[in-house]
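Data block below; observations after.
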Amino acid sequence: MKVFFDVITNHTADVVDYEEKSYGYLSKGAFPYLTKDGEPFDDADYADGSRRFPRVDADSFPRTPVVPEAKKNLKVPGWLNDPAMYHNRGDSTWAGESTTYGDFSGLDDLWTERPEVVEGMKRIYQRWVRDFGIDGFRIDTVKHVNMEFWTQWATALDAYAAKKGRDDFFMFGEVYSADTSVTAPYVTQGRLDSTLDFPFQDAARAYASRGGSAERLASVFGDDWKYTTDKANAYEQVTFLGNHDMGRIGHFLKQDDPEATDAELLKKARLANELMFLSRGNPVIYYGDEQGFTGSGGDKDARQTMFASRTADYLDDDQLGTDRTHAEDAYDRRAPLYRQISALAGLRKAHPALADGVQTERYAADGAGVYAFSRTDAKSGVEYVVAFNNADGARTATFPTESAGMTFRGLYGTDATVRTGDDKKITVTVPAGSAIVLKAAGRITEPAAEPTITLTAPAAGATGTVELTAQVDGGGLNRVVFAAQTGNGAWRTLGSADHAPYKVTHTIGEDVPAGTALRYKAVVVDAAGRTASATAASTTGTPPVEQPPPRPPATTRSSTTSAPTGTTTTGACTPGATSRRGRPPSGRTATPSPAVTPTAPSPTSSSGPAPRTSASWSSTRTATRTSPPTAPST
């Protein structure tokens, strides 16, 4: 058994208060941080650790942070008790800038752009690696921390774990979004090994529970190249169907079809489990799901006990595949979903290709129907065909494989024997709402033609994160390795791709001057060990300069300030914590995919008085900060 600790770097307990007793979020554009000498500065300019962070004091924040006498030394280690180690901008509105700078339902939000916080968090979790011998970290609220923090922290933890002989130390982050463009950068730029695969969860639910399009599911796997780095790829993604924050898959099934019978819900749950165990990634079962737990929602409504409960809210929850209630213990190894999950885990163990084999998409129906891919063992050369069907009736599909004239025998979900034609195509029939696995009788056919490769570099003027694409012809079971050189720097491996599209990302640092040469190389290796290579070149452009919001001319502050309002963007996850300030927590949404449009509270609302006025600031600073606009865009 492996042990992963659930850790957090985003916030601590709600101890820091504000002298002004107001808690609405105050943006950086309207209320910039001030140095100890009263000069405005943008902390983001120092977040990568390459420049010395400005000296600050208690007057550097838009409100005056204070800690009650009785709580001044509650946090361990001691540096966490310094209020200057926190953002001190008020409560997050779960929108725009506030998602990384705002207090998490009142919980004190760490100033993760500060080097002291980065170094302090490194030391805390290095000690956990040293003293507890754990196997890795599940990291909470990752997208609520600036990216530069993760790059420094994860790199340091990786190096420390390796120094302690833990080359397999695994760190995966909770990035609560169904958009691969949001989740993937925390692997490629943030240097985490993986993220919780919310995009997979969203697509798997749509396919298994709602009869959604197979093409939508295929699109998630089609984005796998976005996770590729020199140390990680999408095969390390942590796949799941439900968790303590969003709710259980059983609840989603009932929510999607309130009139469904227990047998119908059970069948959909089986299909969802098959999707998770037979596709790429590290499948994770939320405790109780193997017993058919459903719950009544997310957060606290998804935390039922395995032992007999007396909690009224739990006692009327349904459990799939049984008449048992939560008034009884739930350790039943005969439960239908327990038996299925056990069988799927055994299948992966007996056939490692189903866990680690190359996943190559073969077929995706336009709408409900068959979704199919191959899992091929790169060492043995044996191909497995995996096919799903979410339609109400059996469906037949024809698609290519790696071999001509190859016999495939049913391994799971079918006892059929099928043979490919001279065109390498196979025809399979998948029963309604189920999955099948077929195994090839021998190694894949050795490719006749040697591989060739062409490489397309990003256009001249590239900045930020760019894409590199290789076109491969010939060969078979090809793997492409990408490398890049920036200017006269060392060549750096970007990662490898074992199936089309053969793509990878390259992040160009903001400090790279415009006109710097970019050189790229790609090498393809096929199943027979034959290679080919290609090169390409480009040049960098000028990174875009972030424009600050418009501000009026500098003036001496008046005794009142207008309240800024937040910008509405997509929502963020929030925990079920209760702030000591008496405000109810924000609940997590049932699914991460729809946009949430919260409205930022005004600092002059009923939550407390207005932010600090000019009278509260040192008289030496009255001309150094401009008056805030009435309603800036954050």
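In the structure tokens, the first chain shown is A, the next is B, and so on; residue numbers restart at 1 for each chain, and ligands run from 1 in the order shown.
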
- Item | Which of segment 180-406 of chain A DSSP labels strand (DSSP E), written as an MDAnalysis selection string | chainID A and resid 194:195 238:239 282:283 358:364 370:376 382:389 395:400

Residues as selected, N, CA and C atoms, written as a short mmCIF file (atom, residue, chain, number, x, y, z; two decimals), in the first residue's frame, can you do that?
data_model
loop_
_atom_site.label_atom_id
_atom_site.label_comp_id
_atom_site.auth_asym_id
_atom_site.auth_seq_id
_atom_site.Cartn_x
_atom_site.Cartn_y
_atom_site.Cartn_z
N SER A 194 1.40 15.41 -11.94
CA SER A 194 0.06 15.10 -12.46
C SER A 194 -0.94 16.04 -11.81
N THR A 195 -2.14 16.05 -12.35
CA THR A 195 -3.26 16.71 -11.69
C THR A 195 -4.41 15.71 -11.56
N VAL A 238 -4.29 11.44 -12.65
CA VAL A 238 -5.06 10.73 -11.63
C VAL A 238 -6.54 10.83 -12.01
N THR A 239 -7.08 9.72 -12.49
CA THR A 239 -8.47 9.70 -12.95
C THR A 239 -9.40 9.31 -11.81
N ASN A 282 -4.08 6.88 -13.65
CA ASN A 282 -4.07 6.17 -12.37
C ASN A 282 -5.45 6.27 -11.74
N PRO A 283 -6.27 5.21 -11.84
CA PRO A 283 -7.64 5.29 -11.34
C PRO A 283 -7.70 5.36 -9.82
N VAL A 358 0.65 1.78 -24.56
CA VAL A 358 0.38 2.92 -25.44
C VAL A 358 -1.11 2.95 -25.78
N GLN A 359 -1.73 4.11 -25.58
CA GLN A 359 -3.16 4.24 -25.90
C GLN A 359 -3.31 4.98 -27.23
N THR A 360 -3.87 4.28 -28.20
CA THR A 360 -4.06 4.84 -29.54
C THR A 360 -5.54 4.85 -29.87
N GLU A 361 -6.08 6.01 -30.13
CA GLU A 361 -7.51 6.09 -30.44
C GLU A 361 -7.82 5.41 -31.77
N ARG A 362 -8.93 4.66 -31.80
CA ARG A 362 -9.32 3.93 -33.01
C ARG A 362 -10.67 4.37 -33.57
N TYR A 363 -11.61 4.69 -32.70
CA TYR A 363 -12.96 4.97 -33.22
C TYR A 363 -13.74 5.78 -32.18
N ALA A 364 -14.50 6.77 -32.64
CA ALA A 364 -15.38 7.55 -31.77
C ALA A 364 -16.64 7.90 -32.53
N VAL A 370 -20.16 3.74 -29.95
CA VAL A 370 -18.89 3.11 -29.63
C VAL A 370 -17.75 4.12 -29.53
N TYR A 371 -16.95 3.92 -28.49
CA TYR A 371 -15.66 4.59 -28.38
C TYR A 371 -14.62 3.49 -28.20
N ALA A 372 -13.56 3.50 -29.02
CA ALA A 372 -12.59 2.40 -28.99
C ALA A 372 -11.17 2.92 -29.11
N PHE A 373 -10.25 2.22 -28.45
CA PHE A 373 -8.84 2.51 -28.58
C PHE A 373 -8.05 1.23 -28.38
N SER A 374 -6.77 1.27 -28.74
CA SER A 374 -5.86 0.15 -28.50
C SER A 374 -4.98 0.48 -27.30
N ARG A 375 -4.60 -0.55 -26.54
CA ARG A 375 -3.55 -0.45 -25.53
C ARG A 375 -2.49 -1.45 -25.93
N THR A 376 -1.32 -0.98 -26.28
CA THR A 376 -0.27 -1.86 -26.80
C THR A 376 0.93 -1.88 -25.87
N VAL A 382 2.29 -6.75 -27.89
CA VAL A 382 0.93 -7.29 -27.96
C VAL A 382 -0.08 -6.17 -27.83
N GLU A 383 -1.06 -6.18 -28.74
CA GLU A 383 -2.09 -5.14 -28.79
C GLU A 383 -3.39 -5.64 -28.17
N TYR A 384 -4.03 -4.79 -27.39
CA TYR A 384 -5.36 -5.04 -26.83
C TYR A 384 -6.32 -4.02 -27.43
N VAL A 385 -7.48 -4.47 -27.82
CA VAL A 385 -8.52 -3.58 -28.31
C VAL A 385 -9.56 -3.41 -27.21
N VAL A 386 -9.84 -2.16 -26.86
CA VAL A 386 -10.82 -1.83 -25.81
C VAL A 386 -11.92 -1.01 -26.46
N ALA A 387 -13.17 -1.41 -26.25
CA ALA A 387 -14.29 -0.70 -26.87
C ALA A 387 -15.43 -0.56 -25.87
N PHE A 388 -16.08 0.59 -25.88
CA PHE A 388 -17.20 0.91 -25.00
C PHE A 388 -18.42 1.24 -25.85
N ASN A 389 -19.59 1.13 -25.24
CA ASN A 389 -20.83 1.49 -25.93
C ASN A 389 -21.81 2.03 -24.91
N ARG A 395 -23.98 -2.06 -30.54
CA ARG A 395 -23.47 -1.29 -31.66
C ARG A 395 -22.24 -1.99 -32.24
N THR A 396 -22.10 -1.90 -33.58
CA THR A 396 -20.97 -2.51 -34.28
C THR A 396 -20.12 -1.42 -34.91
N ALA A 397 -18.80 -1.57 -34.82
CA ALA A 397 -17.89 -0.58 -35.39
C ALA A 397 -16.71 -1.28 -36.04
N THR A 398 -16.18 -0.67 -37.10
CA THR A 398 -15.01 -1.18 -37.80
C THR A 398 -13.92 -0.13 -37.76
N PHE A 399 -12.71 -0.52 -37.40
CA PHE A 399 -11.63 0.46 -37.27
C PHE A 399 -10.28 -0.25 -37.40
N PRO A 400 -9.20 0.51 -37.63
CA PRO A 400 -7.88 -0.11 -37.86
C PRO A 400 -7.21 -0.58 -36.56
#

- Message: Taking 6 positions as the minimum chain separation for residues in the same chain, which residues sit within 7 Å of His87 of chain A when counting only C-alpha atoms? Answer as number ranges by chain.
- Response: A: 101, 109-111

- Task: Tell me which protein, DNA and RNA residues are within 9 Å of Lys254 of chain A, counting only C-alpha atoms, leaving out same-chain ones fewer than 6 positions away, and put them as a list in words.
- Result: Ser209, Ala260, Leu265 and Thr294 of chain A

Export C-alpha atoms of the chosen residues as a JSON list (two decimals), in the first residue's frame?
[["chain", "number", "residue", "atom", "x", "y", "z"],
["A", 209, "SER", "CA", -24.50, 8.81, -17.35],
["A", 260, "ALA", "CA", -33.88, 5.45, -13.39],
["A", 265, "LEU", "CA", -28.06, 3.16, -12.31],
["A", 294, "THR", "CA", -24.57, 7.99, -3.53]]

- Message: I need the residues in segment 40-230 of chain A that are alpha helix (DSSP H) according to DSSP; give them as a PyMOL selection string.
- Response: chain A and resi 98-101+115-132+147-163+180-183+185-188+198-210+214-222

- Exercise: Ser213 of chain A partners within 12 Å, only C-alpha atoms, chain neighbours under 3 positions left out, as an MDAnalysis selection string: chainID A and resid 203:210 216:220 364:371 388:391

- Note on the structure: Nearest to Glu236 of chain A, restricted to only C-alpha atoms and choosing among A:Asp356, A:Val428, A:Ile285, A:Tyr412, comes out as A:Asp356

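You will find atom CA of Val129 of chain A at 14.6 Å from atom CA of Ile8 of chain A.
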
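Residues in contact range of Gly489 of chain A, defined as at most 12 Å between only C-alpha atoms, with sequence neighbours fewer than 3 positions away removed, read Ala484, Gln485, Thr486, Arg492, Val512, Thr516, Ala517, Leu518 and Arg519 of chain A.
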
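Comparing the minimum interatomic distances between Tyr86 of chain A and each of A:Val16, A:Val523, A:Ala448, A:Ala497, counting only C-alpha atoms, we find that A:Val16 sits nearest.
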
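For the set A:Arg333, A:Lys300, A:Lys439, A:Lys379, the residue with the smallest atom-to-atom gap to Met406 of chain A is A:Lys439, counting only C-alpha atoms.
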
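The coordinates place atom CA of His499 of chain A at 17.9 Å from atom CA of Arg443 of chain A.
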
- Compile the contact shell of Pro83 of chain A as a PyMOL selection string: residues with an atom at most 12 Å away, counting only C-alpha atoms, same-chain residues fewer than 6 positions apart removed. chain A and resi 12+14-18+56-61+63-68+71-73+75+89+108-111+117

Expected file contents, prior selection, N, CA, C and O atoms, as a compact mmCIF listing (two decimals), in the first residue's frame:
# COMPACT_ATOMS: atom_id res chain seq x y z
N THR A 12 -3.90 29.17 5.54
CA THR A 12 -3.82 28.61 6.89
C THR A 12 -5.12 28.93 7.62
O THR A 12 -6.08 29.43 7.01
N ASP A 14 -7.95 30.78 9.96
CA ASP A 14 -8.45 32.16 9.94
C ASP A 14 -8.07 32.84 11.25
O ASP A 14 -8.82 32.83 12.22
N VAL A 15 -6.88 33.42 11.26
CA VAL A 15 -6.37 34.10 12.46
C VAL A 15 -6.18 35.60 12.21
O VAL A 15 -6.52 36.43 13.03
N VAL A 16 -5.63 35.95 11.04
CA VAL A 16 -5.40 37.35 10.71
C VAL A 16 -6.72 38.06 10.48
O VAL A 16 -7.57 37.59 9.72
N ASP A 17 -6.91 39.18 11.16
CA ASP A 17 -8.10 40.01 10.97
C ASP A 17 -7.66 41.35 10.39
O ASP A 17 -6.46 41.60 10.21
N TYR A 18 -8.61 42.21 10.09
CA TYR A 18 -8.30 43.55 9.60
C TYR A 18 -8.82 44.58 10.59
O TYR A 18 -9.96 44.47 11.07
N VAL A 56 8.69 45.28 3.10
CA VAL A 56 7.34 45.73 3.39
C VAL A 56 7.13 45.80 4.90
O VAL A 56 7.94 45.28 5.67
N ASP A 57 6.02 46.44 5.30
CA ASP A 57 5.64 46.47 6.71
C ASP A 57 4.12 46.43 6.81
O ASP A 57 3.43 46.21 5.80
N ALA A 58 3.57 46.66 7.97
CA ALA A 58 2.13 46.54 8.18
C ALA A 58 1.34 47.55 7.36
O ALA A 58 0.14 47.36 7.11
N ASP A 59 1.99 48.65 6.92
CA ASP A 59 1.30 49.66 6.13
C ASP A 59 1.38 49.39 4.63
O ASP A 59 0.98 50.23 3.83
N SER A 60 1.91 48.23 4.25
CA SER A 60 2.06 47.92 2.83
C SER A 60 0.79 47.36 2.20
O SER A 60 0.72 47.19 0.98
N PHE A 61 -0.23 47.09 3.00
CA PHE A 61 -1.43 46.41 2.54
C PHE A 61 -2.62 47.35 2.44
O PHE A 61 -2.63 48.42 3.07
N ARG A 63 -5.49 47.03 3.71
CA ARG A 63 -6.09 47.14 5.04
C ARG A 63 -5.01 46.84 6.08
O ARG A 63 -3.96 46.28 5.74
N THR A 64 -5.26 47.15 7.30
CA THR A 64 -4.27 46.92 8.35
C THR A 64 -4.46 45.53 8.95
O THR A 64 -5.45 45.27 9.64
N PRO A 65 -3.53 44.58 8.68
CA PRO A 65 -3.68 43.25 9.25
C PRO A 65 -3.36 43.26 10.74
O PRO A 65 -2.37 43.85 11.18
N VAL A 66 -4.19 42.59 11.52
CA VAL A 66 -3.99 42.49 12.96
C VAL A 66 -4.28 41.06 13.40
O VAL A 66 -5.08 40.35 12.79
N VAL A 67 -3.61 40.64 14.47
CA VAL A 67 -3.83 39.33 15.05
C VAL A 67 -4.17 39.52 16.52
O VAL A 67 -3.40 40.16 17.25
N PRO A 68 -5.29 38.99 16.99
CA PRO A 68 -5.65 39.11 18.40
C PRO A 68 -4.53 38.56 19.29
O PRO A 68 -3.84 37.60 18.93
N LYS A 71 -4.07 34.90 19.90
CA LYS A 71 -3.82 34.03 18.75
C LYS A 71 -2.51 34.32 18.04
O LYS A 71 -2.26 33.80 16.96
N LYS A 72 -1.65 35.11 18.68
CA LYS A 72 -0.44 35.57 17.99
C LYS A 72 0.58 34.47 17.73
O LYS A 72 1.43 34.62 16.86
N ASN A 73 0.53 33.39 18.45
CA ASN A 73 1.53 32.33 18.28
C ASN A 73 0.90 30.96 18.13
O ASN A 73 1.47 29.96 18.56
N LYS A 75 0.20 29.35 15.22
CA LYS A 75 0.60 28.59 14.04
C LYS A 75 2.03 28.08 14.16
O LYS A 75 2.89 28.72 14.76
N ARG A 89 -5.90 40.90 1.31
CA ARG A 89 -6.70 41.67 0.36
C ARG A 89 -8.20 41.42 0.52
O ARG A 89 -8.99 41.90 -0.28
N ASP A 108 -6.79 32.53 5.99
CA ASP A 108 -5.69 33.44 5.66
C ASP A 108 -4.90 32.96 4.45
O ASP A 108 -4.31 31.89 4.46
N ASP A 109 -4.88 33.78 3.39
CA ASP A 109 -4.27 33.41 2.11
C ASP A 109 -2.80 33.80 2.10
O ASP A 109 -2.44 34.98 2.16
N LEU A 110 -1.92 32.81 2.00
CA LEU A 110 -0.48 33.05 2.06
C LEU A 110 0.01 33.85 0.86
O LEU A 110 -0.44 33.65 -0.27
N TRP A 111 0.99 34.70 1.12
CA TRP A 111 1.59 35.55 0.08
C TRP A 111 2.67 34.71 -0.61
O TRP A 111 3.86 34.85 -0.37
N VAL A 117 7.90 32.70 1.96
CA VAL A 117 6.82 31.72 1.95
C VAL A 117 7.22 30.50 1.12
O VAL A 117 6.98 29.35 1.52

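As for atom CA of Val480 of chain A and atom CA of Gly222 of chain A, they are spaced 16.3 Å apart.
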
- Query: Restricting the calculation to only C-alpha atoms, which member of A:Ala404, A:Ala161, A:Ala449, A:Ala335 is positioned closest to Ala527 of chain A?
  - Reply: A:Ala449
